[in-house]
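J.: Below is target_5.cif; it holds mmCIF, C-alpha atoms and all ligand atoms.
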```
data_query
loop_
_atom_site.label_atom_id
_atom_site.label_comp_id
_atom_site.auth_asym_id
_atom_site.auth_seq_id
_atom_site.Cartn_x
_atom_site.Cartn_y
_atom_site.Cartn_z
CA MET A 1 72.57 64.67 67.47
CA ALA A 2 68.86 65.33 67.09
CA ASP A 3 66.56 62.70 65.58
CA ILE A 4 66.64 62.67 61.79
CA LEU A 5 64.02 59.97 61.35
CA TYR A 6 61.19 59.71 63.85
CA THR A 7 57.82 58.03 64.07
CA TYR A 8 54.52 59.51 65.10
CA LYS A 9 51.14 57.75 64.92
CA ASN A 10 52.41 54.90 62.72
CA GLN A 11 54.04 57.25 60.25
CA VAL A 12 57.74 57.81 59.66
CA TYR A 13 59.04 61.35 59.26
CA ALA A 14 62.32 62.86 58.12
CA ASN A 15 63.57 65.89 60.03
CA ILE A 16 66.42 67.26 57.91
CA THR A 17 66.68 70.92 58.82
CA ASN A 18 65.70 73.48 61.46
CA ARG A 19 65.82 76.32 58.96
CA CYS A 20 62.55 78.00 58.09
CA ASP A 21 61.52 81.16 56.29
CA CYS A 22 58.41 81.56 58.45
CA SER A 23 57.87 82.09 62.12
CA CYS A 24 54.37 80.77 62.60
CA THR A 25 52.59 81.76 65.77
CA PHE A 26 51.43 78.13 66.26
CA CYS A 27 54.71 76.43 65.32
CA ILE A 28 55.21 73.24 67.33
CA ARG A 29 58.88 74.19 67.60
CA SER A 30 57.92 76.75 70.22
CA HIS A 31 56.11 74.14 72.33
CA GLY A 32 58.93 71.69 73.02
CA ASP A 33 61.89 69.79 71.67
CA GLY A 34 60.20 66.68 70.29
CA VAL A 35 57.20 65.07 68.64
CA GLY A 36 55.99 61.47 68.87
CA GLU A 37 58.91 59.19 69.65
CA ALA A 38 61.47 61.85 68.90
CA GLU A 39 62.86 63.41 72.03
CA ASN A 40 64.85 66.10 70.33
CA LEU A 41 64.38 67.54 66.86
CA TRP A 42 66.71 70.50 67.33
CA PHE A 43 70.04 70.10 65.57
CA GLN A 44 73.23 71.54 67.02
CA LYS A 45 74.44 71.40 63.46
CA GLU A 46 72.32 70.63 60.41
CA PRO A 47 72.76 66.99 59.31
CA THR A 48 74.87 66.25 56.27
CA LEU A 49 73.57 64.10 53.45
CA GLN A 50 75.80 61.32 54.74
CA GLU A 51 74.23 61.54 58.19
CA ILE A 52 70.72 61.45 56.72
CA LYS A 53 71.64 58.39 54.66
CA GLU A 54 73.10 56.70 57.75
CA ALA A 55 69.88 57.37 59.66
CA MET A 56 67.94 55.84 56.76
CA ASP A 57 70.22 52.81 56.70
CA ALA A 58 69.70 52.31 60.42
CA PHE A 59 65.89 52.59 60.28
CA ASP A 60 63.69 49.57 59.64
CA PHE A 61 61.19 50.72 57.01
CA THR A 62 59.30 47.42 57.07
CA GLY A 63 55.58 48.13 57.10
CA TYR A 64 55.92 51.81 56.22
CA GLU A 65 54.56 52.83 52.85
CA GLU A 66 55.41 56.51 53.00
CA LEU A 67 58.21 58.71 54.30
CA VAL A 68 57.11 62.23 55.15
CA TYR A 69 59.59 65.10 55.06
CA CYS A 70 58.37 67.25 57.91
CA GLY A 71 60.39 68.24 60.92
CA TYR A 72 61.42 71.16 63.05
CA GLY A 73 61.93 73.34 60.01
CA GLU A 74 60.92 73.73 56.37
CA PRO A 75 62.31 70.72 54.44
CA THR A 76 62.74 72.65 51.18
CA CYS A 77 65.22 74.98 52.90
CA ALA A 78 67.56 71.94 52.72
CA LEU A 79 66.60 71.23 49.13
CA GLU A 80 69.74 69.40 48.02
CA ASN A 81 69.64 67.01 50.96
CA LEU A 82 65.92 66.53 50.54
CA LEU A 83 66.24 65.55 46.88
CA ALA A 84 69.34 63.41 47.34
CA SER A 85 68.08 61.55 50.41
CA ALA A 86 64.63 60.95 48.90
CA THR A 87 66.31 59.54 45.79
CA TYR A 88 68.54 57.37 47.99
CA ILE A 89 65.71 55.86 50.04
CA LYS A 90 63.58 55.21 46.97
CA GLU A 91 66.40 53.23 45.42
CA LYS A 92 66.57 51.07 48.56
CA HIS A 93 62.88 50.70 49.45
CA PRO A 94 59.61 50.80 47.55
CA ILE A 95 58.42 53.79 49.54
CA LYS A 96 56.40 56.87 48.62
CA ILE A 97 57.64 60.32 49.53
CA ARG A 98 55.40 63.03 50.91
CA LEU A 99 56.51 66.58 51.49
CA ASN A 100 54.84 68.75 54.11
CA THR A 101 55.76 72.29 53.20
CA ASN A 102 54.89 75.93 53.70
CA GLY A 103 54.82 76.29 49.90
CA LEU A 104 57.32 79.15 49.83
CA ALA A 105 60.20 77.23 48.26
CA ASN A 106 60.06 79.02 44.92
CA LEU A 107 60.40 82.34 46.72
CA TYR A 108 63.16 81.04 48.96
CA HIS A 109 65.18 79.58 46.08
CA LYS A 110 64.19 82.31 43.60
CA ARG A 111 63.26 79.73 40.97
CA ASN A 112 60.61 77.12 40.30
CA ILE A 113 61.86 74.00 42.08
CA ILE A 114 58.73 71.93 41.48
CA PRO A 115 60.17 70.00 38.48
CA GLU A 116 63.11 68.96 40.69
CA LEU A 117 60.81 67.88 43.51
CA ALA A 118 58.48 66.02 41.17
CA LYS A 119 61.28 63.61 40.25
CA VAL A 120 61.19 62.06 43.75
CA VAL A 121 58.22 63.43 45.65
CA ASP A 122 54.86 61.67 45.22
CA SER A 123 52.57 63.94 47.19
CA VAL A 124 52.65 67.38 48.72
CA SER A 125 50.79 68.94 51.60
CA ILE A 126 50.94 72.72 51.67
CA SER A 127 50.07 74.73 54.77
CA LEU A 128 47.39 77.21 53.74
CA ASN A 129 46.96 78.49 57.29
CA ALA A 130 44.70 81.41 56.44
CA PRO A 131 42.19 82.53 53.81
CA THR A 132 43.66 85.98 53.07
CA ALA A 133 47.09 87.52 52.57
CA GLU A 134 46.59 89.75 55.59
CA LYS A 135 45.73 86.88 57.93
CA TYR A 136 48.47 84.73 56.43
CA GLN A 137 51.12 87.36 57.15
CA GLU A 138 49.84 87.71 60.70
CA VAL A 139 49.87 83.99 61.43
CA THR A 140 52.93 82.70 59.57
CA ARG A 141 55.15 85.82 59.78
CA PRO A 142 57.11 84.89 56.64
CA GLN A 143 60.32 86.52 55.46
CA PHE A 144 58.54 87.64 52.28
CA ALA A 145 55.93 90.35 51.76
CA ASN A 146 54.26 88.52 48.86
CA ALA A 147 54.22 85.10 50.51
CA PHE A 148 50.47 84.36 50.30
CA PRO A 149 49.98 84.75 46.52
CA GLU A 150 53.28 82.97 45.90
CA MET A 151 52.22 80.07 48.12
CA LEU A 152 48.98 79.81 46.13
CA SER A 153 50.96 79.85 42.86
CA PHE A 154 53.12 77.05 44.25
CA ALA A 155 49.96 75.08 45.07
CA LYS A 156 48.62 75.53 41.53
CA LEU A 157 51.89 74.32 40.00
CA ALA A 158 52.06 71.46 42.51
CA LYS A 159 48.58 70.29 41.55
CA GLU A 160 49.81 69.71 38.00
CA ALA A 161 53.11 68.10 39.00
CA PHE A 162 52.40 65.65 41.83
CA GLY A 163 50.21 62.59 42.16
CA HIS A 164 48.44 64.18 45.09
CA THR A 165 48.45 67.77 46.32
CA GLN A 166 46.54 69.07 49.29
CA LEU A 167 46.24 72.27 51.25
CA SER A 168 46.01 72.09 55.01
CA ILE A 169 44.72 74.16 57.88
CA VAL A 170 44.30 73.46 61.56
CA ASP A 171 40.86 73.24 63.12
CA VAL A 172 41.51 76.04 65.61
CA LEU A 173 40.70 78.70 63.00
CA PRO A 174 37.41 80.54 63.44
CA LYS A 175 34.53 78.90 61.58
CA GLU A 176 34.26 81.69 59.00
CA GLU A 177 37.98 81.42 58.20
CA ILE A 178 37.68 77.65 57.78
CA GLU A 179 34.79 78.23 55.39
CA ALA A 180 36.77 80.86 53.47
CA CYS A 181 39.75 78.47 53.23
CA GLN A 182 37.45 75.75 51.94
CA LYS A 183 36.06 78.11 49.30
CA LEU A 184 39.56 79.10 48.24
CA ALA A 185 40.68 75.47 48.01
CA ASP A 186 37.56 74.59 46.03
CA GLU A 187 38.27 77.42 43.59
CA LEU A 188 41.78 76.08 43.13
CA GLY A 189 40.44 72.54 42.74
CA ILE A 190 42.73 71.32 45.54
CA TYR A 191 41.65 69.11 48.42
CA LEU A 192 41.65 70.89 51.81
CA ARG A 193 42.66 68.86 54.82
CA ILE A 194 41.50 70.27 58.15
CA ARG A 195 43.95 68.93 60.72
CA LYS A 196 43.27 68.58 64.40
CA TYR A 197 45.54 70.90 66.34
CA SER A 198 47.87 68.85 68.53
S1 LIG A 201 56.47 76.86 58.37
FE1 LIG A 201 56.40 75.08 59.75
S2 LIG A 201 58.45 74.98 60.69
FE2 LIG A 201 58.24 77.00 59.77
S3 LIG A 201 57.57 78.31 61.44
FE3 LIG A 201 55.73 77.61 60.35
S4 LIG A 201 55.04 75.76 61.41
FE4 LIG A 201 57.16 76.19 62.06
#
```
Kindly transcribe the structure held in the file into C-alpha cells.

T.:
Amino acid sequence: MADILYTYKNQVYANITNRCDCSCTFCIRSHGDGVGEAENLWFQKEPTLQEIKEAMDAFDFTGYEELVYCGYGEPTCALENLLASATYIKEKHPIKIRLNTNGLANLYHKRNIIPELAKVVDSVSISLNAPTAEKYQEVTRPQFANAFPEMLSFAKLAKEAFGHTQLSIVDVLPKEEIEACQKLADELGIYLRIRKYS
C-alpha cells in the first residue's frame, strides 16, 4: 500500500488519490514515486475511507497544526473521502485543513462543491500555473477546454468561502509570465505564492 499520510519539511500531507483531471508537464508524479519521507505515493488501488482513517489513527499528529491534502493526484477527485476524512480528523485533533488543488473541481463534479469543502477546509491553495488560457492549456493539459476561466471562477468563489485562499505558481516561469500572474492575482485580490520548484 502506498503512503496515505506523509511528512515533508515539517508538514504532514494526505495523499488520498492518484486520479487527476490534468496532466501537467511539470507534475512531480513523472519524476519519481515519492516525496519527502514517503517512498511510494502510487496506489495499486485507491484507499478506502476506512484505510484513510486507519492511517490517521496510526499517525502521531502531535506538533502539527495543519494537515494538507496534496498527493500524487488531485484530492478533490476523491471528494467524498476528502470530506469524510477531514471531518474525522478534525473531530479527533484540533488541526486545520489545507487543500492544495488545481481548482477544477467544479468542472470535474459538474456542480459548485465549494460550500461542501468550506465545512471542513480552512484554507485553499490553487495552482494558477500560467497567466493566460493558452499557456495554461499547454502546461497543465487538462481534460477540459474551458479549464482556465473555470479555475479562476473557482478561485473567486474560494476567496469568499475560506479563511485563506491563495494562488500559486512555480518560480521556473519566465519573468514576464510571473509578472502577468502577479497582475492577475492582484486583480482578483488573491495572494500569489511563488513556490520554489523542487
Ligand atoms: S494537477 Fe497536480 S497532480 Fe494533477 S497533473 Fe498537475 S501537478 Fe500533477

J.: Have a look at atom CA of Ser125 of chain A and atom CA of Ala58 of chain A and let me know their distance in Å, one decimal.

T.: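 A separation of 26.7 Å between them.
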
J.: A:Ala133, A:Cys22, A:Leu157, A:Leu188: which is nearest ligand LIG 201 (chain A), counting all atoms listed in the file?

T.: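 Comparing A:Ala133, A:Cys22, A:Leu157, A:Leu188 against ligand LIG 201 (chain A), the winner is A:Cys22.
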
J.: How would you report the residues lying within 6 Å of ligand LIG 201 (chain A), as a VMD selection string, if you count only C-alpha atoms and all ligand atoms?

T.: chain A and resid 20 22 to 24 27 72 to 74 102 140

J.: Set out as a tab-separated table a contact list for segment 50-114 of chain A and segment 159-166 of chain A with a cut-off of 12 Å, giving each residue of segment 50-114 of chain A that qualifies its closest atom pair and distance in Å to one decimal, counting all atoms listed in the file, ordered by chain and rising residue number.

T.:
```
residue	atom	partner	partner_atom	distance
A:Lys96	CA	A:Gly163	CA	10.6
A:Ile97	CA	A:Gly163	CA	10.7
A:Arg98	CA	A:His164	CA	9.1
A:Leu99	CA	A:Thr165	CA	9.6
A:Asn100	CA	A:Gln166	CA	9.6
A:Thr101	CA	A:Gln166	CA	10.5
A:Asn102	CA	A:Gln166	CA	11.7
A:Gly103	CA	A:Gln166	CA	11.0
A:Asn112	CA	A:Ala161	CA	11.8
A:Ile113	CA	A:Ala161	CA	11.0
A:Ile114	CA	A:Ala161	CA	7.2
```

J.: Hey, can you spit out that residue selection with C-alpha atoms as a PDB file, in the coordinates of the input?

T.:
```pdb
ATOM      1  CA  LYS A  96      56.400  56.870  48.620  1.00  0.00           C
ATOM      2  CA  ILE A  97      57.640  60.320  49.530  1.00  0.00           C
ATOM      3  CA  ARG A  98      55.400  63.030  50.910  1.00  0.00           C
ATOM      4  CA  LEU A  99      56.510  66.580  51.490  1.00  0.00           C
ATOM      5  CA  ASN A 100      54.840  68.750  54.110  1.00  0.00           C
ATOM      6  CA  THR A 101      55.760  72.290  53.200  1.00  0.00           C
ATOM      7  CA  ASN A 102      54.890  75.930  53.700  1.00  0.00           C
ATOM      8  CA  GLY A 103      54.820  76.290  49.900  1.00  0.00           C
ATOM      9  CA  ASN A 112      60.610  77.120  40.300  1.00  0.00           C
ATOM     10  CA  ILE A 113      61.860  74.000  42.080  1.00  0.00           C
ATOM     11  CA  ILE A 114      58.730  71.930  41.480  1.00  0.00           C
TER      12      ILE A 114
END
```

J.: One decimal, in Å: what's the spacing between atom CA of Lys135 of chain A and atom CA of Val121 of chain A?

T.: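 Rounded to one decimal, the two atoms are 29.3 Å apart.
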
J.: From the options A:Tyr136, A:Tyr6, A:Phe148, A:Tyr88, which residue's atoms come nearest to Asn40 of chain A, counting only C-alpha atoms?

T.: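 Once distances to Asn40 of chain A are computed over only C-alpha atoms, the minimum belongs to A:Tyr6.
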
J.: Measuring atom to atom with all atoms listed in the file, identify which of A:Asn129, A:Gln182, A:Thr48, A:Gln137 is nearest to Asn15 of chain A.

T.: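 Of A:Asn129, A:Gln182, A:Thr48, A:Gln137, the one nearest Asn15 of chain A is A:Thr48, counting all atoms listed in the file.
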
J.: Can you tell me how far atom CA of Ile95 of chain A sits from atom CA of Trp42 of chain A, in Å to one decimal?

T.: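 We find that atom CA of Ile95 of chain A and atom CA of Trp42 of chain A lie 25.8 Å from each other.
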
J.: From the options A:Ile4, A:Cys77, A:Ala180, A:Val172, which residue's atoms come nearest to Gln50 of chain A, counting only C-alpha atoms?

T.: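 Closest to Gln50 of chain A, using only C-alpha atoms: A:Ile4.
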
J.: Out of A:Val139, A:Ile28, A:Ala105, A:Ile89, which residue has the shortest atom-to-atom distance to Asp60 of chain A when counting all atoms listed in the file?

T.: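 Closest residue, counting all atoms listed in the file: A:Ile89.
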
J.: Of the candidates A:Asp171, A:Ala145, A:Thr132, A:Thr17, which one gets nearest to Leu184 of chain A if we count only C-alpha atoms?

T.: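 Closest to Leu184 of chain A, using only C-alpha atoms: A:Thr132.
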